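File shown here: structure28.cif, holding mmCIF, C-alpha atoms and all ligand atoms.
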data_run
loop_
_atom_site.label_atom_id
_atom_site.label_comp_id
_atom_site.auth_asym_id
_atom_site.auth_seq_id
_atom_site.Cartn_x
_atom_site.Cartn_y
_atom_site.Cartn_z
CA MET A 1 34.51 5.73 -3.79
CA ALA A 2 31.24 5.49 -1.85
CA ASN A 3 30.50 2.41 0.24
CA ARG A 4 27.20 0.55 -0.03
CA ILE A 5 24.71 2.06 2.37
CA ASP A 6 21.29 0.72 3.35
CA LEU A 7 18.29 2.92 2.65
CA PHE A 8 15.37 0.55 2.15
CA ASP A 9 15.70 -1.81 5.18
CA SER A 10 16.18 1.03 7.59
CA THR A 11 13.40 3.18 6.10
CA TYR A 12 10.80 0.43 5.83
CA SER A 13 11.57 -1.00 9.30
CA HIS A 14 10.94 2.41 10.92
CA PHE A 15 8.37 3.70 8.42
CA THR A 16 5.70 4.68 10.94
CA GLN A 17 8.05 6.41 13.38
CA GLN A 18 7.08 10.04 13.91
CA VAL A 19 10.30 11.50 12.57
CA LEU A 20 10.04 9.63 9.25
CA GLU A 21 6.41 10.70 8.86
CA THR A 22 7.42 14.32 9.52
CA ILE A 23 10.23 14.09 6.96
CA ARG A 24 7.85 12.64 4.33
CA LYS A 25 5.38 15.46 4.98
CA GLU A 26 8.12 18.10 4.66
CA THR A 27 9.55 16.41 1.56
CA PHE A 28 6.46 15.46 -0.44
CA GLY A 29 3.82 17.85 0.90
CA GLN A 30 1.21 15.08 0.80
CA ASP A 31 2.50 11.84 2.30
CA ILE A 32 1.09 8.73 0.63
CA GLY A 33 3.92 6.61 1.99
CA GLN A 34 6.12 7.04 -1.05
CA ASN A 35 9.85 6.36 -0.84
CA SER A 36 10.83 7.72 -4.24
CA TRP A 37 10.92 10.97 -6.22
CA THR A 38 7.21 11.07 -6.91
CA THR A 39 4.66 13.49 -5.49
CA LEU A 40 0.95 12.86 -5.18
CA GLU A 41 0.24 15.19 -8.08
CA GLU A 42 2.67 13.32 -10.33
CA TYR A 43 1.47 9.87 -9.23
CA ASP A 44 -2.12 10.94 -10.00
CA ARG A 45 -1.02 12.01 -13.48
CA PHE A 46 0.68 8.65 -14.14
CA ILE A 47 -2.39 6.77 -12.88
CA SER A 48 -4.60 8.75 -15.27
CA TRP A 49 -2.56 7.45 -18.24
CA LEU A 50 -3.52 3.84 -17.41
CA ASP A 51 -7.21 4.21 -18.21
CA LEU A 52 -8.30 2.31 -15.10
CA ARG A 53 -11.74 1.12 -13.98
CA PRO A 54 -12.86 -0.31 -10.64
CA ASP A 55 -13.00 -3.86 -12.08
CA HIS A 56 -9.32 -3.71 -13.04
CA HIS A 57 -6.41 -5.40 -11.29
CA VAL A 58 -3.11 -3.47 -11.24
CA LEU A 59 0.38 -4.77 -10.48
CA GLU A 60 2.71 -2.32 -8.76
CA VAL A 61 6.28 -3.52 -9.24
CA ALA A 62 8.62 -2.51 -6.37
CA SER A 63 5.75 -1.29 -4.21
CA GLY A 64 7.99 -0.30 -1.28
CA SER A 65 6.01 0.46 1.87
CA GLY A 66 2.74 -0.17 0.01
CA GLY A 67 1.55 3.42 0.52
CA PRO A 68 1.25 4.33 -3.19
CA ALA A 69 -0.53 1.00 -3.91
CA ARG A 70 -3.04 1.74 -1.14
CA TYR A 71 -3.59 5.21 -2.54
CA LEU A 72 -4.14 3.75 -6.03
CA ALA A 73 -6.62 1.18 -4.75
CA SER A 74 -8.64 3.82 -2.93
CA SER A 75 -8.58 6.45 -5.68
CA VAL A 76 -9.67 4.06 -8.48
CA SER A 77 -11.47 1.49 -6.26
CA CYS A 78 -9.61 -1.22 -8.18
CA ARG A 79 -7.64 -4.28 -7.04
CA VAL A 80 -3.90 -3.83 -6.56
CA THR A 81 -1.11 -6.34 -6.06
CA GLY A 82 2.26 -5.01 -4.95
CA ILE A 83 5.55 -6.88 -5.16
CA ASP A 84 8.88 -5.86 -3.68
CA ALA A 85 12.11 -7.69 -2.94
CA ASN A 86 12.42 -6.02 0.46
CA GLU A 87 10.82 -8.10 3.23
CA ALA A 88 10.60 -5.13 5.65
CA GLY A 89 8.78 -3.16 2.93
CA ILE A 90 6.26 -5.94 2.36
CA ALA A 91 5.77 -6.42 6.14
CA THR A 92 5.08 -2.68 6.55
CA ALA A 93 2.71 -2.80 3.58
CA TYR A 94 0.79 -5.73 5.10
CA GLN A 95 0.44 -3.99 8.46
CA SER A 96 -0.84 -0.79 6.85
CA VAL A 97 -3.50 -2.66 4.88
CA ALA A 98 -4.59 -4.85 7.79
CA GLY A 99 -6.30 -2.00 9.62
CA SER A 100 -7.48 -0.04 6.61
CA GLY A 101 -10.59 -1.86 5.40
CA GLN A 102 -8.85 -2.41 2.03
CA ALA A 103 -7.57 -5.92 2.75
CA ASP A 104 -9.95 -7.55 0.25
CA ARG A 105 -8.61 -5.41 -2.62
CA ILE A 106 -4.87 -5.20 -1.93
CA THR A 107 -2.27 -7.96 -1.79
CA PHE A 108 1.46 -7.75 -1.26
CA LYS A 109 4.07 -10.37 -2.03
CA VAL A 110 7.84 -10.61 -1.65
CA ALA A 111 9.17 -11.14 -5.17
CA ASP A 112 12.31 -10.32 -7.12
CA ALA A 113 11.39 -8.29 -10.19
CA ASN A 114 14.53 -9.58 -11.91
CA SER A 115 13.10 -13.11 -11.93
CA ARG A 116 10.05 -14.74 -13.46
CA LEU A 117 7.03 -12.99 -11.93
CA PRO A 118 4.79 -15.28 -9.83
CA PHE A 119 1.67 -14.63 -11.98
CA ASP A 120 -0.08 -16.24 -14.93
CA ASP A 121 0.07 -14.88 -18.48
CA ASN A 122 -2.30 -11.99 -19.33
CA PHE A 123 -3.19 -11.54 -15.66
CA PHE A 124 -3.11 -7.77 -15.00
CA ASP A 125 -4.97 -4.83 -16.53
CA ALA A 126 -2.15 -2.37 -15.85
CA MET A 127 1.30 -2.11 -14.34
CA LEU A 128 3.10 0.66 -12.52
CA CYS A 129 6.71 0.93 -11.38
CA ILE A 130 8.04 4.11 -9.83
CA ASP A 131 11.77 4.87 -9.56
CA SER A 132 12.77 1.22 -9.35
CA MET A 133 13.62 0.14 -12.91
CA ASN A 134 17.21 1.17 -12.18
CA HIS A 135 17.44 -1.83 -9.82
CA PHE A 136 16.65 -4.31 -12.62
CA PRO A 137 19.82 -5.06 -14.58
CA ASP A 138 18.43 -7.50 -17.17
CA ARG A 139 16.10 -4.84 -18.52
CA LEU A 140 15.02 -6.65 -21.68
CA LYS A 141 14.08 -9.79 -19.72
CA VAL A 142 12.12 -7.64 -17.26
CA PHE A 143 10.12 -6.03 -20.08
CA GLN A 144 9.43 -9.49 -21.55
CA GLU A 145 8.06 -10.62 -18.19
CA TRP A 146 5.89 -7.52 -17.92
CA ARG A 147 4.55 -8.17 -21.40
CA ARG A 148 3.76 -11.75 -20.43
CA VAL A 149 1.67 -10.87 -17.35
CA LEU A 150 -0.12 -7.85 -18.88
CA ARG A 151 -3.37 -8.30 -20.83
CA PRO A 152 -3.30 -7.43 -24.57
CA GLY A 153 -4.25 -3.82 -25.28
CA ARG A 154 -3.34 -2.72 -21.74
CA ARG A 155 -0.67 -0.32 -20.44
CA ALA A 156 2.29 -0.01 -18.10
CA VAL A 157 3.94 3.13 -16.79
CA PHE A 158 7.41 3.30 -15.27
CA THR A 159 10.08 5.85 -14.43
CA ASP A 160 13.81 5.39 -14.90
CA PRO A 161 15.50 7.94 -12.62
CA VAL A 162 19.07 7.41 -13.83
CA VAL A 163 19.28 7.91 -17.59
CA ILE A 164 22.73 9.30 -18.33
CA ALA A 165 22.32 12.74 -19.88
CA GLY A 166 25.71 14.41 -19.47
CA PRO A 167 29.22 14.00 -18.08
CA VAL A 168 29.28 12.06 -14.78
CA THR A 169 32.39 10.96 -12.88
CA ASN A 170 32.92 7.49 -11.45
CA ASP A 171 32.68 8.89 -7.90
CA GLU A 172 29.35 10.55 -8.71
CA LEU A 173 28.00 7.32 -10.16
CA ALA A 174 29.23 5.46 -7.06
CA LEU A 175 27.46 7.92 -4.75
CA ARG A 176 24.24 7.82 -6.80
CA SER A 177 24.24 4.02 -6.64
CA SER A 178 25.45 3.69 -3.03
CA ILE A 179 22.06 2.34 -1.87
CA GLY A 180 22.16 -0.89 -3.90
CA LEU A 181 22.38 -2.49 -7.32
CA PHE A 182 22.00 0.06 -10.13
CA LEU A 183 21.85 -0.05 -13.91
CA PHE A 184 22.60 3.26 -15.63
CA VAL A 185 21.58 3.53 -19.28
CA PRO A 186 22.07 6.21 -21.93
CA PRO A 187 19.06 7.66 -23.81
CA GLY A 188 17.67 5.19 -26.35
CA VAL A 189 18.30 1.95 -24.46
CA ASN A 190 14.92 1.76 -22.71
CA GLU A 191 13.23 2.66 -26.00
CA GLN A 192 15.13 -0.12 -27.82
CA PHE A 193 14.25 -2.76 -25.20
CA ILE A 194 10.61 -1.62 -25.06
CA GLU A 195 10.32 -2.28 -28.78
CA ALA A 196 12.36 -5.52 -28.68
CA SER A 197 10.08 -6.95 -25.98
CA GLY A 198 6.97 -6.31 -28.08
CA PHE A 199 5.62 -3.25 -26.28
CA ARG A 200 4.62 -0.08 -28.07
CA LEU A 201 5.98 3.17 -26.62
CA LEU A 202 3.04 5.59 -26.30
CA LYS A 203 4.68 8.44 -24.44
CA GLN A 204 7.86 9.50 -22.71
CA GLU A 205 8.53 12.64 -20.71
CA ASP A 206 11.43 14.11 -18.82
CA VAL A 207 10.32 14.28 -15.18
CA SER A 208 13.73 15.12 -13.70
CA ALA A 209 12.40 18.30 -12.10
CA ASN A 210 10.50 16.27 -9.50
CA ALA A 211 13.63 14.30 -8.57
CA ALA A 212 15.63 17.53 -8.22
CA LEU A 213 12.91 19.12 -6.07
CA VAL A 214 12.18 16.10 -3.90
CA SER A 215 15.82 15.12 -3.30
CA GLY A 216 16.65 18.71 -2.29
CA ARG A 217 13.75 18.87 0.15
CA TRP A 218 14.50 15.38 1.48
CA HIS A 219 18.13 16.28 2.19
CA ALA A 220 17.13 19.55 3.92
CA SER A 221 14.42 17.89 6.01
CA ARG A 222 16.76 15.07 7.07
CA GLN A 223 19.34 17.66 8.10
CA ARG A 224 16.75 19.46 10.27
CA HIS A 225 15.89 16.15 11.98
CA LYS A 226 19.46 14.91 12.23
CA GLU A 227 19.39 14.21 15.96
CA ALA A 228 16.31 11.95 15.81
CA LEU A 229 17.51 10.25 12.62
CA MET A 230 20.93 9.46 14.10
CA LYS A 231 19.15 7.36 16.76
CA ILE A 232 17.68 5.22 13.97
CA GLU A 233 20.48 5.24 11.42
CA GLY A 234 23.67 5.88 13.40
CA GLU A 235 26.12 8.56 12.30
CA GLU A 236 27.82 6.74 9.43
CA ARG A 237 24.58 5.76 7.70
CA PHE A 238 23.06 9.19 8.28
CA GLU A 239 26.05 10.94 6.68
CA GLY A 240 26.21 8.40 3.83
CA LEU A 241 22.54 8.91 3.03
CA GLN A 242 22.95 12.69 3.14
CA GLU A 243 25.71 12.37 0.53
CA PHE A 244 23.38 10.15 -1.54
CA PHE A 245 20.52 12.69 -1.47
CA ALA A 246 22.93 15.56 -2.23
CA ALA A 247 24.27 13.61 -5.22
CA VAL A 248 20.75 12.97 -6.58
CA HIS A 249 19.94 16.66 -6.19
CA ARG A 250 23.15 17.85 -7.88
CA LEU A 251 23.06 15.37 -10.78
CA THR A 252 19.40 15.91 -11.64
CA SER A 253 19.44 19.71 -11.13
CA GLU A 254 22.45 19.96 -13.43
CA LYS A 255 20.69 17.70 -15.96
CA ARG A 256 23.51 15.16 -15.99
CA LEU A 257 21.19 12.32 -14.95
CA SER A 258 17.61 12.44 -16.23
CA ARG A 259 14.50 10.89 -14.77
CA ILE A 260 12.26 9.75 -17.60
CA VAL A 261 8.71 8.37 -17.44
CA TYR A 262 7.60 5.91 -20.11
CA LEU A 263 4.08 4.81 -20.97
CA VAL A 264 3.95 1.56 -22.95
CA GLU A 265 1.18 -0.63 -24.33
CA LYS A 266 0.97 -4.31 -25.12
CA PRO A 267 -0.58 -4.47 -28.60
CA ALA A 268 -4.10 -5.93 -28.69
CA ARG A 269 -3.03 -8.46 -31.35
C1 LIG B 1 13.06 4.05 -4.70
S1 LIG B 1 12.16 2.72 -4.01
C2 LIG B 1 10.56 3.00 -4.72
C3 LIG B 1 9.46 2.33 -3.97
C4 LIG B 1 8.04 2.69 -4.42
N1 LIG B 1 7.87 2.46 -5.84
C5 LIG B 1 7.68 4.11 -4.08
O1 LIG B 1 7.43 4.91 -4.99
O2 LIG B 1 7.65 4.42 -2.88
C6 LIG B 1 12.79 1.33 -4.92
C7 LIG B 1 12.19 0.02 -4.49
O3 LIG B 1 12.70 -1.02 -5.33
C8 LIG B 1 12.75 -2.20 -4.55
N2 LIG B 1 13.60 -3.18 -5.25
C9 LIG B 1 14.93 -3.12 -5.46
N3 LIG B 1 15.34 -4.21 -6.14
C10 LIG B 1 14.24 -4.96 -6.38
C11 LIG B 1 14.01 -6.20 -7.05
N4 LIG B 1 15.01 -6.88 -7.60
N5 LIG B 1 12.76 -6.68 -7.10
C12 LIG B 1 11.72 -6.00 -6.53
N6 LIG B 1 11.89 -4.83 -5.88
C13 LIG B 1 13.12 -4.30 -5.81
C14 LIG B 1 13.30 -1.70 -3.22
O4 LIG B 1 13.11 -2.64 -2.18
C15 LIG B 1 12.50 -0.41 -3.06
O5 LIG B 1 11.31 -0.62 -2.36
#

What does this structure look like when you write it as structure tokens?
Ligand SMILES: C[S@@+](CC[C@H](N)C(=O)[O-])C[C@H]1O[C@@H](n2cnc3c(N)ncnc32)[C@H](O)[C@@H]1O
Amino acid sequence: MANRIDLFDSTYSHFTQQVLETIRKETFGQDIGQNSWTTLEEYDRFISWLDLRPDHHVLEVASGSGGPARYLASSVSCRVTGIDANEAGIATAYQSVAGSGQADRITFKVADANSRLPFDDNFFDAMLCIDSMNHFPDRLKVFQEWRRVLRPGRRAVFTDPVVIAGPVTNDELALRSSIGLFLFVPPGVNEQFIEASGFRLLKQEDVSANAALVSGRWHASRQRHKEALMKIEGEERFEGLQEFFAAVHRLTSEKRLSRIVYLVEKPAR
């Protein structure tokens, strides 16, 4: 069985180190500071589904390093608030915004997405959550919270990167979830909770190909930069993370775990 292994603390604490920037460039092509399976092209497509205007205020749940939130704020010229449970992620996000001239439009806050969100009802014009829903075990409660803080008639987009789609062993599940708390669901569960929480499902698409591509590139790039990474991560963590990335690549390429994107809407009335 795989042991728990830190990915987020280590990555966010060293986010601006040259080797991590090089790995992001080699992995994603265009580096917007993402720490997920999304590429710029895909993120742009998801943003376009939200029907955003410059006077809108968007909540990014699990905003990581803050890079994607910054990109969103500059591409739409809207306001963005990012929340993440990881303090190193939020600290990195704050630092990146401080020198960017975007400080009046972007806010970051440490918050646990599994708890009541620290915002009033009907507060945001859109919500976005990339490759993080799998860390929220009380999924129905999370959707209810999202519905509470979203304005009527407005939309949220999220990906679930670990929908069970085929046979998976306990060791494979352990490796895939070695970086923290994970909830794996079979097809139909997200759909059921979306409806039960009062959202309307507008669209869903299988976007596993991006996870297969990105995880494969990430693993290969990390291997090329092993020596520099070992100085940051140490040998045990480096090897553990390599096994994690290899597992993501294998399970998504073989279509045994799917990554699905969902677009939902809070009914106007
Ligand atoms: C795969 S990363 C994705 C980050 C970001 N969305 C991106 O695309 O770069 C998952 C993120 O979920 C965050 N996370 C995990 N559990 C959380 C929780 N309970 N509440 C808020 N964020 C959480 C982690 O700290 C991490 O930043």

Please give me, as a PDB file with C-alpha atoms, in the frame of the given file, the residues lying within 7 Å of ligand LIG 1 (chain B) when counting only C-alpha atoms and all ligand atoms.
ATOM      1  CA  PHE A   8      15.370   0.550   2.150  1.00  0.00           C
ATOM      2  CA  GLY A  33       3.920   6.610   1.990  1.00  0.00           C
ATOM      3  CA  GLN A  34       6.120   7.040  -1.050  1.00  0.00           C
ATOM      4  CA  ASN A  35       9.850   6.360  -0.840  1.00  0.00           C
ATOM      5  CA  SER A  36      10.830   7.720  -4.240  1.00  0.00           C
ATOM      6  CA  THR A  38       7.210  11.070  -6.910  1.00  0.00           C
ATOM      7  CA  VAL A  61       6.280  -3.520  -9.240  1.00  0.00           C
ATOM      8  CA  ALA A  62       8.620  -2.510  -6.370  1.00  0.00           C
ATOM      9  CA  SER A  63       5.750  -1.290  -4.210  1.00  0.00           C
ATOM     10  CA  GLY A  64       7.990  -0.300  -1.280  1.00  0.00           C
ATOM     11  CA  SER A  65       6.010   0.460   1.870  1.00  0.00           C
ATOM     12  CA  PRO A  68       1.250   4.330  -3.190  1.00  0.00           C
ATOM     13  CA  ILE A  83       5.550  -6.880  -5.160  1.00  0.00           C
ATOM     14  CA  ASP A  84       8.880  -5.860  -3.680  1.00  0.00           C
ATOM     15  CA  ALA A  85      12.110  -7.690  -2.940  1.00  0.00           C
ATOM     16  CA  ASN A  86      12.420  -6.020   0.460  1.00  0.00           C
ATOM     17  CA  GLY A  89       8.780  -3.160   2.930  1.00  0.00           C
ATOM     18  CA  ALA A 111       9.170 -11.140  -5.170  1.00  0.00           C
ATOM     19  CA  ASP A 112      12.310 -10.320  -7.120  1.00  0.00           C
ATOM     20  CA  ALA A 113      11.390  -8.290 -10.190  1.00  0.00           C
ATOM     21  CA  ASN A 114      14.530  -9.580 -11.910  1.00  0.00           C
ATOM     22  CA  CYS A 129       6.710   0.930 -11.380  1.00  0.00           C
ATOM     23  CA  ILE A 130       8.040   4.110  -9.830  1.00  0.00           C
ATOM     24  CA  ASP A 131      11.770   4.870  -9.560  1.00  0.00           C
ATOM     25  CA  SER A 132      12.770   1.220  -9.350  1.00  0.00           C
ATOM     26  CA  HIS A 135      17.440  -1.830  -9.820  1.00  0.00           C
ATOM     27  CA  PHE A 136      16.650  -4.310 -12.620  1.00  0.00           C
TER      28      PHE A 136
END

Given all atoms listed in the file as the basis, pick out the residue of A:Glu236, A:Glu254, A:Glu21, A:Glu60 nearest to A:Arg4.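 Residue with the minimum atom-to-atom distance to A:Arg4: A:Glu236.
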
Quick one: residues within 12 Å of stretch 142-144 of chain A, only C-alpha atoms, excluding same-chain residues fewer than 4 positions away - as a VMD selection string? chain A and resid 61 112 to 117 121 127 129 132 to 138 148 to 150 156 to 158 190 to 200 264 to 266

Mind dumping the selected residues with C-alpha atoms as a PDB file, in the coordinates of the input?
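Okay, result_25.pdb is ready:
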ATOM      1  CA  VAL A  61       6.280  -3.520  -9.240  1.00  0.00           C
ATOM      2  CA  ASP A 112      12.310 -10.320  -7.120  1.00  0.00           C
ATOM      3  CA  ALA A 113      11.390  -8.290 -10.190  1.00  0.00           C
ATOM      4  CA  ASN A 114      14.530  -9.580 -11.910  1.00  0.00           C
ATOM      5  CA  SER A 115      13.100 -13.110 -11.930  1.00  0.00           C
ATOM      6  CA  ARG A 116      10.050 -14.740 -13.460  1.00  0.00           C
ATOM      7  CA  LEU A 117       7.030 -12.990 -11.930  1.00  0.00           C
ATOM      8  CA  ASP A 121       0.070 -14.880 -18.480  1.00  0.00           C
ATOM      9  CA  MET A 127       1.300  -2.110 -14.340  1.00  0.00           C
ATOM     10  CA  CYS A 129       6.710   0.930 -11.380  1.00  0.00           C
ATOM     11  CA  SER A 132      12.770   1.220  -9.350  1.00  0.00           C
ATOM     12  CA  MET A 133      13.620   0.140 -12.910  1.00  0.00           C
ATOM     13  CA  ASN A 134      17.210   1.170 -12.180  1.00  0.00           C
ATOM     14  CA  HIS A 135      17.440  -1.830  -9.820  1.00  0.00           C
ATOM     15  CA  PHE A 136      16.650  -4.310 -12.620  1.00  0.00           C
ATOM     16  CA  PRO A 137      19.820  -5.060 -14.580  1.00  0.00           C
ATOM     17  CA  ASP A 138      18.430  -7.500 -17.170  1.00  0.00           C
ATOM     18  CA  ARG A 148       3.760 -11.750 -20.430  1.00  0.00           C
ATOM     19  CA  VAL A 149       1.670 -10.870 -17.350  1.00  0.00           C
ATOM     20  CA  LEU A 150      -0.120  -7.850 -18.880  1.00  0.00           C
ATOM     21  CA  ALA A 156       2.290  -0.010 -18.100  1.00  0.00           C
ATOM     22  CA  VAL A 157       3.940   3.130 -16.790  1.00  0.00           C
ATOM     23  CA  PHE A 158       7.410   3.300 -15.270  1.00  0.00           C
ATOM     24  CA  ASN A 190      14.920   1.760 -22.710  1.00  0.00           C
ATOM     25  CA  GLU A 191      13.230   2.660 -26.000  1.00  0.00           C
ATOM     26  CA  GLN A 192      15.130  -0.120 -27.820  1.00  0.00           C
ATOM     27  CA  PHE A 193      14.250  -2.760 -25.200  1.00  0.00           C
ATOM     28  CA  ILE A 194      10.610  -1.620 -25.060  1.00  0.00           C
ATOM     29  CA  GLU A 195      10.320  -2.280 -28.780  1.00  0.00           C
ATOM     30  CA  ALA A 196      12.360  -5.520 -28.680  1.00  0.00           C
ATOM     31  CA  SER A 197      10.080  -6.950 -25.980  1.00  0.00           C
ATOM     32  CA  GLY A 198       6.970  -6.310 -28.080  1.00  0.00           C
ATOM     33  CA  PHE A 199       5.620  -3.250 -26.280  1.00  0.00           C
ATOM     34  CA  ARG A 200       4.620  -0.080 -28.070  1.00  0.00           C
ATOM     35  CA  VAL A 264       3.950   1.560 -22.950  1.00  0.00           C
ATOM     36  CA  GLU A 265       1.180  -0.630 -24.330  1.00  0.00           C
ATOM     37  CA  LYS A 266       0.970  -4.310 -25.120  1.00  0.00           C
TER      38      LYS A 266
END

Which residues of stretch 94-178 of chain A sit at most 10 Å from stretch 73-79 of chain A, using all atoms listed in the file? Give each one's shortest atom pair and distance in Å (one decimal place), in chain and ascending residue order, as JSON lines.
{"residue": "A:Gln102", "atom": "CA", "partner": "A:Ser74", "partner_atom": "CA", "distance": 8.0}
{"residue": "A:Ala103", "atom": "CA", "partner": "A:Arg79", "partner_atom": "CA", "distance": 9.9}
{"residue": "A:Asp104", "atom": "CA", "partner": "A:Arg79", "partner_atom": "CA", "distance": 8.3}
{"residue": "A:Arg105", "atom": "CA", "partner": "A:Arg79", "partner_atom": "CA", "distance": 4.7}
{"residue": "A:Ile106", "atom": "CA", "partner": "A:Arg79", "partner_atom": "CA", "distance": 5.9}
{"residue": "A:Thr107", "atom": "CA", "partner": "A:Arg79", "partner_atom": "CA", "distance": 8.4}
{"residue": "A:Phe124", "atom": "CA", "partner": "A:Arg79", "partner_atom": "CA", "distance": 9.8}
{"residue": "A:Asp125", "atom": "CA", "partner": "A:Arg79", "partner_atom": "CA", "distance": 9.9}

Problem - Contacts of A:Pro161 at 12 Å (only C-alpha atoms; same-chain gap of 4+ positions) as an NGL selection string - result: :A and (36-38 or 129-135 or 165 or 176-177 or 182-187 or 190 or 205-212 or 215 or 248-249 or 251-252 or 255-262)

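The spacing separating atom CA of A:Ser221 from atom CA of A:Glu243 amounts to 13.7 Å.
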
Write out as a list in words the residues lying within 12 Å of A:His225, counting all atoms listed in the file and excluding same-chain residues fewer than 2 positions away.
Gln18, Val19, Leu20, Glu21, Thr22, Ile23, Arg24, Glu26, Trp218, His219, Ala220, Ser221, Arg222, Gln223, Glu227, Ala228, Leu229, Met230, Lys231, Ile232, Glu233, Phe238 and Gln242 of chain A

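From atom CA of A:Leu7 back to atom CA of A:Leu241, the distance works out to 7.4 Å.
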
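We find atom CA of A:Asn122 and atom CA of A:Asp55 to be spaced 15.3 Å apart.
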